[in-house]
Amino acid sequence: MQKSDQLSGLYQARFDDLKVMASEHSLPKNGSVETLRCRLIRNLVLTDWDLSKDGLKSIPNAELGEILGVFGIKKSGSIKARRQRLYLHLFHDPKQLVTDKLDNMTRDELHALCKDLELPLSGNKQTLLVRVAGVLASQENAWGKVKKSLRRPRDQSNIPSVPSPAGAVDANDENVVETVDSFVEDHGEGWSFEEETALREEIASKGVETSRADIAATIDAELRKTSSAAPSSTPPMVQDTAETTMHSLETETALLELEGRMAEIHSMARDFLMVSSTTNVDDLNAFISSLRHHGFATDMAPVHQRINQAVMELDFQIQQESTAASALPQSWAEREALRMFEQVRSTLRDQLENMLAMHEGDTVKARMAFELEARNLGLDLRVPSVSGRVHALFDLHIEIAETQALHDPIVQRRQRMMRILHHGSVHLTGAERSTIERLERSIISFEELVQTVLESSEHGFEEPQQALVIRFLESKGYEVNTPDLRPRVLACAGILGAELGYLSPSDIPRIAPGVLVSETEVDAIVSELKALAKSFKQEELPADVEEEVAESVIEASQNMNRVRKKIDKIDDLLNRLQG
C-alpha cells in the first residue's frame with residue numbers, strides 16, 4: 001500500500017517536487033518532467049524489477065502489461081509492441097526521438113536502435129531508418145507521458161497496483177502449483193479450453209486472485225512446463241490471447257475490407273512514393289487521411305496504423321527493387337523469373353496500351369490491372385527485380401503518354417479555348433464561373449455541337465449560326481447569353497472552326513466589342529495629322545523637301561485604313577489590362 005501511495009504522489013507531483021525527490025534519493029535531475037517521473041518510478045517503485053535493456057527481454061508478457069500500467073502508459077498490444085514501448089519510455093525522450101530527426105542519426109546509431117527494438121539489422125541506413133520510423137509511427141502518443149486520468153485521479157481506485165516479480169512466490173503459490181499439478185495428472189492426454197477455464201475458476205474459489213499477473217504467470221508456467229515435459233499425442237490447449245489485440249466488430253470489418261483492397265492501397269501508395277517519402281510524417285498522414293474519400297475507414301486508429309505499415313513495407317520493397325534493377329541475379333530462381341519477364345515483355349507492352357485506354361485518367365486502376373495481367377502471365381511479383389521492372393515499364397508508358405498529350409493538337413486547342421474562357425474569370429460572378437466550369441467538363445460535347453453547326457452552314461459562322469449555338473446551350477441549362485460569357489463562347493467556337501478548316505483565322509469572333517472610335521473622330525484625327533505636317537513645313541524649303549513632306553502626308557492618309565484595323569487590337573489590349 002505504501003508503494004501505491006508513493007506512485008500516486010509521483011503521478012501528481014510537479015516538476016520542482018520531482019527534482020526535490022530526485023535529490024533526496026541521489027538520482028539525476030536532468031531531463032523533462034516525464035523523463036524525471038519515469039526515472040523516479042523505476043528507482044523508487046519498481047525496485048524489484050530488472051529494467052535494463054537486457055532485463056526487459058526476460059520479462060513475461062503478463063507482467064509487461066502491469067509494468068506499463070505502473071508507468072501510466074498504454075498497456076495493450078503484442079509482446080513485441082509492449083517491449084518496444086517500454087524500452088522507448090525508459091531510455092528515450094519523445095521530444096528528441098522523432099521521425100523528423102532520424103536523418104541526423106548515423107547508420108551505427110540506427111543499427112543499435114534497431115537492435116534494442118528487436119528489428120532486423122540488415123540493410124543500408126535508409127532501410128534501418130524506415131524500420132525505426134515504422135515503430136515510432138505505430139507507437140505514437142503511446143509512451144513518454146503519463147495518462148491524464150492518473151495525473152488528475154478522481155479517487156485511488158484507478159491507481160494501478162505494483163506487481164511483484166514472477167520469481168517471488170507468496171503463500172498462495174504453493175497451493176496453486178499443487179492444484180495445477182493434480183489437474184495435469186488427471187488430464188494426461190490433454191485438456192480443452194473449457195476444462196482449463198474450470199481449473200482457473202476452482203483456484204479463484206479458494207480465495208486466490210487469479211487476475212493478478214504473478215498468479216496468472218505461475219499457472220501458465222506450470223501448464224507449459226508440464227505439457228512440454230510429458231510427451232503426449234494431443235498437446236494441451238493453452239491459449240495465450242495476449243499476443244493479439246482485440247478490436248470491435250466494426251474495426252475488424254474495416255480491417256478485413258482493407259486487406260481485401262490491399263492491391264489498391266499499394267497502387268495509390270506507389271504514386272505517393274514517387275513524389276514523397278515515408279520520412280515526411282505530415283505528408284504521409286495527409287495521404288492516409290485522403291484515402292477516406294476512397295472508402296477506407298482511416299479515422300480508426302488500427303486501420304490508419306495498418307495502412308501506415310503497408311506504406312512502410314512498400315517503401316522498403318521499392319528500395320529493394322531499385323537495388324535489384326542494377327544488380328545481377330542472386331539466385332537461380334531470380335534468374336529464371338527475369339528470363340520469364342523478358343519473354344512476356346512484348347505481350348505486357350501490348351496489353352498496357354489497352355489497359356490505359358480502358359482506365360483513362362485513373363492510373364491506380366490501370367496499375368492494378370497491369371499487375372493482375374503480369375501475374376496471369378506467370379510472373380512472380382514477389383521477386384524485387386521482377387516487380388521493379390514491371391512497375392518501371394508501367395511508369396515509362398505513363399510518362400510517354402503524358403509527353404504525347406502535351407504535343408497533341410487537340411489538347412493544345414482545348415488549352416487555348418480554356419485560356420479564353422478563364423481569362424479574367426476572377427471578376428465574373430459565381431454563376432458565370434460555374435457555367436465556365438460546366439463547359440470545361442463538357443468540352444467534348446461543345447466541340448461536337450460547334451462542328452455540327454458549321455457542317456450544316458453554307459455561310460461560315462455568321463450571326464445566325466452564332467445565335468444557334470447560344471440558344472442550344474441555353475436549352476441545355478448553360479447561362480451563356482451574358483455580356484461576358486457570350487463573346488468568350490463564340491470565340492472558342494471560332495477557334496474550333498478554324499482548327500477544323502471551316503473558317504479562316506480572320507473569321508474568328510473577337511472578344512473585344514469592336515471599334516470604339518467613330519468615323520467622325522477618325523476624320524478629325526486625319527485633319528490634325530495634316531495640320532501637324534504643315535506646321536513643320538517652311539517656305540524656304542527646297543522643292544524636293546516639299547515634295548517629301550507632301551508624300552509623307554499622303555502616306556499618312558493612306559495608312560489610316562490600317563490604323564482602323566489595328567484599333568481592334570488596342571481594344572483587346574485594354575480589355576486585358578482591365579480583366
# chains A, B, ... in the order shown; residues from 1 in each chain; ligands from 1
call {"tool": "closest_atom_pairs", "arguments": {"of": "segment 250-336 of chain A", "to": "segment 92-106 of chain A", "cutoff": "10 Å", "atoms": "only C-alpha atoms", "output": "Markdown table"}}
result
| residue | atom | partner | partner_atom | distance |
| --- | --- | --- | --- | --- |
| A:Thr278 | CA | A:Thr99 | CA | 9.3 |
| A:Thr279 | CA | A:Thr99 | CA | 6.4 |
| A:Asn280 | CA | A:Asp100 | CA | 7.2 |
| A:Val281 | CA | A:Thr99 | CA | 7.2 |
| A:Asp282 | CA | A:Asp100 | CA | 9.8 |
call {"tool": "write_last_selection", "arguments": {"atoms": "N, CA and C atoms", "output": "short mmCIF file (atom, residue, chain, number, x, y, z; two decimals), in the first residue's frame"}}
result
data_model
loop_
_atom_site.label_atom_id
_atom_site.label_comp_id
_atom_site.auth_asym_id
_atom_site.auth_seq_id
_atom_site.Cartn_x
_atom_site.Cartn_y
_atom_site.Cartn_z
N THR A 278 8.36 8.26 -46.80
CA THR A 278 7.77 7.90 -45.52
C THR A 278 8.38 8.70 -44.37
N THR A 279 9.52 9.34 -44.60
CA THR A 279 10.11 10.14 -43.53
C THR A 279 9.40 11.48 -43.34
N ASN A 280 8.62 11.88 -44.33
CA ASN A 280 7.81 13.09 -44.21
C ASN A 280 6.48 12.70 -43.56
N VAL A 281 6.46 12.76 -42.23
CA VAL A 281 5.32 12.23 -41.48
C VAL A 281 4.04 12.99 -41.80
N ASP A 282 4.12 14.31 -41.88
CA ASP A 282 2.92 15.10 -42.16
C ASP A 282 2.34 14.74 -43.53
#
call {"tool": "select_by_dssp", "arguments": {"residues": "segment 261-465 of chain A", "states": "helix (DSSP H, G or I)", "output": "number ranges by chain"}}
result
A: 262-273, 281-294, 301-325, 332-358, 363-376, 384-406, 409-422, 425-427, 430-441, 443-456, 463-465
call {"tool": "closest_residue", "arguments": {"among": "A:Ala22, A:Val344, A:Leu421, A:Leu428", "to": "Leu490 of chain A", "atoms": "only C-alpha atoms"}}
result
A:Leu421
call {"tool": "closest_residue", "arguments": {"among": "A:His359, A:Arg488, A:Arg562, A:His397", "to": "Arg416 of chain A", "atoms": "only C-alpha atoms"}}
result
A:Arg488
call {"tool": "residues_around", "arguments": {"residues": "Ser122 of chain A", "least_positions_apart": "4", "cutoff": "9 Å", "atoms": "only C-alpha atoms", "output": "PyMOL selection string"}}
result
chain A and resi 111+127-128
